[in-house]
Amino acid sequence: PADFTYLQVSAGLDHSLAVGSDGNAWAWGYNGSGDLGNNSSASSSSVPVRVRDPDSPGDASKGLQAAQVSGGYHLSLAVGSDGNAYAWGYNYDGQLGDGSTNDKSVPVPVSFNLALVITGVRF
């Protein structure tokens, strides 16, 4: 839409992410490990797709409300507008921080085992 802009962008290994003026996280590119966070790892996308809301992963109209996003090696990270850290994608070595080692195709909260809320990130 004419009034839509991107506020922040980040590039991963072979996918990209952005925070839109609508507050949603968006992603495009490779999706073989769930890198795009759109509840699928079946196909890549050459256009931005909305990263799903972790509380409603089956609803494509609800997105992850994010303050900042970052792409890595087949994984993606975000600071949510709620102050929590989220991760999705490749997780062979547990790099998503949710206590598991299986890939995630929707954002999962990073488990700090503390009463910690992220209020900002500097790159």
# chains A, B, ... in the order shown; residues from 1 in each chain; ligands from 1
>>> residues_around(residues="Leu64 in chain A", least_positions_apart="4", cutoff="6 Å", atoms="only C-alpha atoms", output="short mmCIF file (atom, residue, chain, number, x, y, z; two decimals) with all heavy atoms, in the first residue's frame")
data_model
loop_
_atom_site.label_atom_id
_atom_site.label_comp_id
_atom_site.auth_asym_id
_atom_site.auth_seq_id
_atom_site.Cartn_x
_atom_site.Cartn_y
_atom_site.Cartn_z
N ASN A 24 4.39 -5.47 11.90
CA ASN A 24 4.63 -6.88 11.65
C ASN A 24 6.05 -7.14 11.17
O ASN A 24 6.67 -6.30 10.51
CB ASN A 24 3.68 -7.42 10.57
CG ASN A 24 2.27 -7.56 11.07
OD1 ASN A 24 2.02 -8.24 12.06
ND2 ASN A 24 1.33 -6.93 10.39
N ALA A 25 6.55 -8.34 11.49
CA ALA A 25 7.80 -8.81 10.91
C ALA A 25 7.46 -9.47 9.57
O ALA A 25 6.46 -10.19 9.46
CB ALA A 25 8.46 -9.82 11.84
N VAL A 51 5.56 -12.91 8.98
CA VAL A 51 5.99 -13.86 9.99
C VAL A 51 4.80 -14.07 10.92
O VAL A 51 4.17 -13.10 11.34
CB VAL A 51 7.22 -13.34 10.77
CG1 VAL A 51 7.59 -14.29 11.90
CG2 VAL A 51 8.40 -13.14 9.82
N ARG A 52 4.48 -15.32 11.21
CA ARG A 52 3.28 -15.62 11.99
C ARG A 52 3.39 -15.23 13.46
O ARG A 52 4.47 -15.26 14.05
CB ARG A 52 2.96 -17.11 11.92
CG ARG A 52 2.69 -17.63 10.53
CD ARG A 52 1.36 -17.13 9.97
NE ARG A 52 1.17 -17.55 8.60
CZ ARG A 52 0.54 -18.67 8.24
NH1 ARG A 52 0.07 -19.49 9.14
NH2 ARG A 52 0.41 -18.97 6.96
N ASP A 53 2.25 -14.91 14.03
CA ASP A 53 2.13 -14.65 15.46
C ASP A 53 2.32 -15.98 16.19
O ASP A 53 1.64 -16.95 15.88
CB ASP A 53 0.74 -14.08 15.74
CG ASP A 53 0.49 -13.75 17.19
OD1 ASP A 53 1.19 -14.30 18.07
OD2 ASP A 53 -0.42 -12.96 17.46
#
>>> select_by_dssp(residues="range 21-59 of chain A", states="strand (DSSP E or B)", output="PDB file with all heavy atoms, in the first residue's frame")
ATOM      1  N   ASN A  24       4.390  -5.469  11.903  1.00  0.00           N
ATOM      2  CA  ASN A  24       4.630  -6.884  11.646  1.00  0.00           C
ATOM      3  C   ASN A  24       6.049  -7.143  11.169  1.00  0.00           C
ATOM      4  O   ASN A  24       6.668  -6.297  10.513  1.00  0.00           O
ATOM      5  CB  ASN A  24       3.676  -7.418  10.570  1.00  0.00           C
ATOM      6  CG  ASN A  24       2.267  -7.559  11.069  1.00  0.00           C
ATOM      7  OD1 ASN A  24       2.023  -8.237  12.065  1.00  0.00           O
ATOM      8  ND2 ASN A  24       1.331  -6.929  10.388  1.00  0.00           N
ATOM      9  N   ALA A  25       6.546  -8.337  11.487  1.00  0.00           N
ATOM     10  CA  ALA A  25       7.802  -8.814  10.913  1.00  0.00           C
ATOM     11  C   ALA A  25       7.461  -9.471   9.575  1.00  0.00           C
ATOM     12  O   ALA A  25       6.461 -10.186   9.460  1.00  0.00           O
ATOM     13  CB  ALA A  25       8.463  -9.818  11.845  1.00  0.00           C
ATOM     14  N   TRP A  26       8.298  -9.232   8.571  1.00  0.00           N
ATOM     15  CA  TRP A  26       8.124  -9.788   7.223  1.00  0.00           C
ATOM     16  C   TRP A  26       9.411 -10.500   6.832  1.00  0.00           C
ATOM     17  O   TRP A  26      10.500 -10.125   7.274  1.00  0.00           O
ATOM     18  CB  TRP A  26       7.827  -8.666   6.222  1.00  0.00           C
ATOM     19  CG  TRP A  26       6.526  -7.976   6.492  1.00  0.00           C
ATOM     20  CD1 TRP A  26       6.303  -6.947   7.361  1.00  0.00           C
ATOM     21  CD2 TRP A  26       5.272  -8.287   5.921  1.00  0.00           C
ATOM     22  NE1 TRP A  26       4.982  -6.595   7.360  1.00  0.00           N
ATOM     23  CE2 TRP A  26       4.321  -7.396   6.482  1.00  0.00           C
ATOM     24  CE3 TRP A  26       4.847  -9.220   4.973  1.00  0.00           C
ATOM     25  CZ2 TRP A  26       2.979  -7.425   6.123  1.00  0.00           C
ATOM     26  CZ3 TRP A  26       3.508  -9.239   4.617  1.00  0.00           C
ATOM     27  CH2 TRP A  26       2.588  -8.352   5.181  1.00  0.00           C
ATOM     28  N   ALA A  27       9.305 -11.534   5.980  1.00  0.00           N
ATOM     29  CA  ALA A  27      10.476 -12.293   5.561  1.00  0.00           C
ATOM     30  C   ALA A  27      10.308 -12.774   4.124  1.00  0.00           C
ATOM     31  O   ALA A  27       9.185 -12.979   3.654  1.00  0.00           O
ATOM     32  CB  ALA A  27      10.677 -13.491   6.491  1.00  0.00           C
ATOM     33  N   TRP A  28      11.453 -12.988   3.434  1.00  0.00           N
ATOM     34  CA  TRP A  28      11.431 -13.525   2.078  1.00  0.00           C
ATOM     35  C   TRP A  28      12.754 -14.214   1.800  1.00  0.00           C
ATOM     36  O   TRP A  28      13.744 -13.967   2.459  1.00  0.00           O
ATOM     37  CB  TRP A  28      11.124 -12.443   1.048  1.00  0.00           C
ATOM     38  CG  TRP A  28      12.096 -11.305   1.002  1.00  0.00           C
ATOM     39  CD1 TRP A  28      13.140 -11.148   0.137  1.00  0.00           C
ATOM     40  CD2 TRP A  28      12.121 -10.144   1.853  1.00  0.00           C
ATOM     41  NE1 TRP A  28      13.814  -9.965   0.406  1.00  0.00           N
ATOM     42  CE2 TRP A  28      13.207  -9.339   1.449  1.00  0.00           C
ATOM     43  CE3 TRP A  28      11.330  -9.721   2.926  1.00  0.00           C
ATOM     44  CZ2 TRP A  28      13.524  -8.139   2.071  1.00  0.00           C
ATOM     45  CZ3 TRP A  28      11.658  -8.520   3.549  1.00  0.00           C
ATOM     46  CH2 TRP A  28      12.735  -7.743   3.113  1.00  0.00           C
ATOM     47  N   GLY A  29      12.736 -15.103   0.816  1.00  0.00           N
ATOM     48  CA  GLY A  29      13.933 -15.857   0.445  1.00  0.00           C
ATOM     49  C   GLY A  29      13.785 -17.335   0.743  1.00  0.00           C
ATOM     50  O   GLY A  29      12.697 -17.900   0.670  1.00  0.00           O
ATOM     51  N   SER A  45      10.097 -17.958  -0.852  1.00  0.00           N
ATOM     52  CA  SER A  45       9.255 -16.897  -1.375  1.00  0.00           C
ATOM     53  C   SER A  45      10.117 -15.753  -1.900  1.00  0.00           C
ATOM     54  O   SER A  45      11.032 -15.301  -1.210  1.00  0.00           O
ATOM     55  CB  SER A  45       8.326 -16.370  -0.276  1.00  0.00           C
ATOM     56  OG  SER A  45       7.515 -15.330  -0.781  1.00  0.00           O
ATOM     57  N   SER A  46       9.795 -15.280  -3.092  1.00  0.00           N
ATOM     58  CA  SER A  46      10.525 -14.154  -3.676  1.00  0.00           C
ATOM     59  C   SER A  46       9.884 -12.816  -3.319  1.00  0.00           C
ATOM     60  O   SER A  46      10.372 -11.765  -3.728  1.00  0.00           O
ATOM     61  CB  SER A  46      10.610 -14.307  -5.201  1.00  0.00           C
ATOM     62  OG  SER A  46       9.311 -14.336  -5.757  1.00  0.00           O
ATOM     63  N   VAL A  47       8.800 -12.846  -2.557  1.00  0.00           N
ATOM     64  CA  VAL A  47       8.148 -11.629  -2.069  1.00  0.00           C
ATOM     65  C   VAL A  47       7.973 -11.749  -0.557  1.00  0.00           C
ATOM     66  O   VAL A  47       7.894 -12.856  -0.016  1.00  0.00           O
ATOM     67  CB  VAL A  47       6.778 -11.391  -2.743  1.00  0.00           C
ATOM     68  CG1 VAL A  47       6.952 -11.152  -4.237  1.00  0.00           C
ATOM     69  CG2 VAL A  47       5.839 -12.543  -2.483  1.00  0.00           C
ATOM     70  N   PRO A  48       7.912 -10.639   0.162  1.00  0.00           N
ATOM     71  CA  PRO A  48       7.755 -10.705   1.613  1.00  0.00           C
ATOM     72  C   PRO A  48       6.471 -11.413   2.041  1.00  0.00           C
ATOM     73  O   PRO A  48       5.408 -11.208   1.449  1.00  0.00           O
ATOM     74  CB  PRO A  48       7.723  -9.237   2.031  1.00  0.00           C
ATOM     75  CG  PRO A  48       8.469  -8.527   0.957  1.00  0.00           C
ATOM     76  CD  PRO A  48       8.120  -9.257  -0.312  1.00  0.00           C
ATOM     77  N   VAL A  49       6.594 -12.260   3.061  1.00  0.00           N
ATOM     78  CA  VAL A  49       5.452 -12.917   3.692  1.00  0.00           C
ATOM     79  C   VAL A  49       5.459 -12.535   5.168  1.00  0.00           C
ATOM     80  O   VAL A  49       6.518 -12.315   5.753  1.00  0.00           O
ATOM     81  CB  VAL A  49       5.484 -14.453   3.528  1.00  0.00           C
ATOM     82  CG1 VAL A  49       5.379 -14.844   2.060  1.00  0.00           C
ATOM     83  CG2 VAL A  49       6.729 -15.053   4.138  1.00  0.00           C
ATOM     84  N   ARG A  50       4.287 -12.465   5.745  1.00  0.00           N
ATOM     85  CA  ARG A  50       4.166 -12.088   7.147  1.00  0.00           C
ATOM     86  C   ARG A  50       4.668 -13.225   8.034  1.00  0.00           C
ATOM     87  O   ARG A  50       4.290 -14.375   7.865  1.00  0.00           O
ATOM     88  CB  ARG A  50       2.717 -11.780   7.481  1.00  0.00           C
ATOM     89  CG  ARG A  50       2.509 -11.180   8.849  1.00  0.00           C
ATOM     90  CD  ARG A  50       1.034 -10.999   9.218  1.00  0.00           C
ATOM     91  NE  ARG A  50       0.125 -10.841   8.119  1.00  0.00           N
ATOM     92  CZ  ARG A  50      -0.349  -9.679   7.677  1.00  0.00           C
ATOM     93  NH1 ARG A  50       0.012  -8.563   8.257  1.00  0.00           N
ATOM     94  NH2 ARG A  50      -1.192  -9.635   6.662  1.00  0.00           N
ATOM     95  N   ARG A  52       4.479 -15.321  11.213  1.00  0.00           N
ATOM     96  CA  ARG A  52       3.279 -15.620  11.986  1.00  0.00           C
ATOM     97  C   ARG A  52       3.393 -15.228  13.459  1.00  0.00           C
ATOM     98  O   ARG A  52       4.469 -15.256  14.050  1.00  0.00           O
ATOM     99  CB  ARG A  52       2.959 -17.115  11.918  1.00  0.00           C
ATOM    100  CG  ARG A  52       2.688 -17.635  10.525  1.00  0.00           C
ATOM    101  CD  ARG A  52       1.362 -17.131   9.973  1.00  0.00           C
ATOM    102  NE  ARG A  52       1.171 -17.550   8.601  1.00  0.00           N
ATOM    103  CZ  ARG A  52       0.540 -18.670   8.235  1.00  0.00           C
ATOM    104  NH1 ARG A  52       0.066 -19.495   9.136  1.00  0.00           N
ATOM    105  NH2 ARG A  52       0.406 -18.968   6.960  1.00  0.00           N
TER     106      ARG A  52
END
>>> closest_atom_pairs(of="range 31-63 of chain A", to="range 72-81 of chain A", cutoff="10 Å", atoms="only C-alpha atoms", output="CSV")
residue,atom,partner,partner_atom,distance
A:Asn31,CA,A:His74,CA,7.9
A:Gly32,CA,A:His74,CA,8.0
A:Ser33,CA,A:His74,CA,6.4
A:Gly34,CA,A:Leu75,CA,7.7
A:Asp35,CA,A:Leu75,CA,5.2
A:Leu36,CA,A:Ser76,CA,7.6
A:Gly37,CA,A:Ser76,CA,8.0
>>> residues_around(residues="Gly20 in chain A", least_positions_apart="5", cutoff="8 Å", atoms="only C-alpha atoms", output="mmCIF file with N, CA, C and O atoms, in the first residue's frame")
data_model
loop_
_atom_site.group_PDB
_atom_site.id
_atom_site.type_symbol
_atom_site.label_atom_id
_atom_site.label_comp_id
_atom_site.auth_asym_id
_atom_site.auth_seq_id
_atom_site.Cartn_x
_atom_site.Cartn_y
_atom_site.Cartn_z
ATOM 1 N N PHE A 4 2.541 2.250 3.324
ATOM 2 C CA PHE A 4 3.342 1.218 3.990
ATOM 3 C C PHE A 4 4.824 1.450 3.730
ATOM 4 O O PHE A 4 5.229 1.703 2.607
ATOM 5 N N THR A 5 5.631 1.365 4.791
ATOM 6 C CA THR A 5 7.080 1.486 4.651
ATOM 7 C C THR A 5 7.748 0.422 5.516
ATOM 8 O O THR A 5 7.130 -0.150 6.405
ATOM 9 N N TYR A 6 9.017 0.189 5.245
ATOM 10 C CA TYR A 6 9.803 -0.706 6.075
ATOM 11 C C TYR A 6 10.644 0.145 7.013
ATOM 12 O O TYR A 6 11.277 1.112 6.601
ATOM 13 N N LEU A 7 10.652 -0.224 8.300
ATOM 14 C CA LEU A 7 11.340 0.553 9.317
ATOM 15 C C LEU A 7 12.730 0.026 9.623
ATOM 16 O O LEU A 7 13.592 0.769 10.076
ATOM 17 N N GLN A 8 12.941 -1.278 9.391
ATOM 18 C CA GLN A 8 14.239 -1.906 9.672
ATOM 19 C C GLN A 8 14.342 -3.163 8.824
ATOM 20 O O GLN A 8 13.342 -3.848 8.608
ATOM 21 N N ALA A 25 6.546 -8.337 11.487
ATOM 22 C CA ALA A 25 7.802 -8.814 10.913
ATOM 23 C C ALA A 25 7.461 -9.471 9.575
ATOM 24 O O ALA A 25 6.461 -10.186 9.460
ATOM 25 N N TRP A 26 8.298 -9.232 8.571
ATOM 26 C CA TRP A 26 8.124 -9.788 7.223
ATOM 27 C C TRP A 26 9.411 -10.500 6.832
ATOM 28 O O TRP A 26 10.500 -10.125 7.274
#
>>> closest_residue(among="A:Asp98, A:Asp82, A:Asp59, A:Asp93", to="Phe112 in chain A", atoms="only C-alpha atoms")
A:Asp98
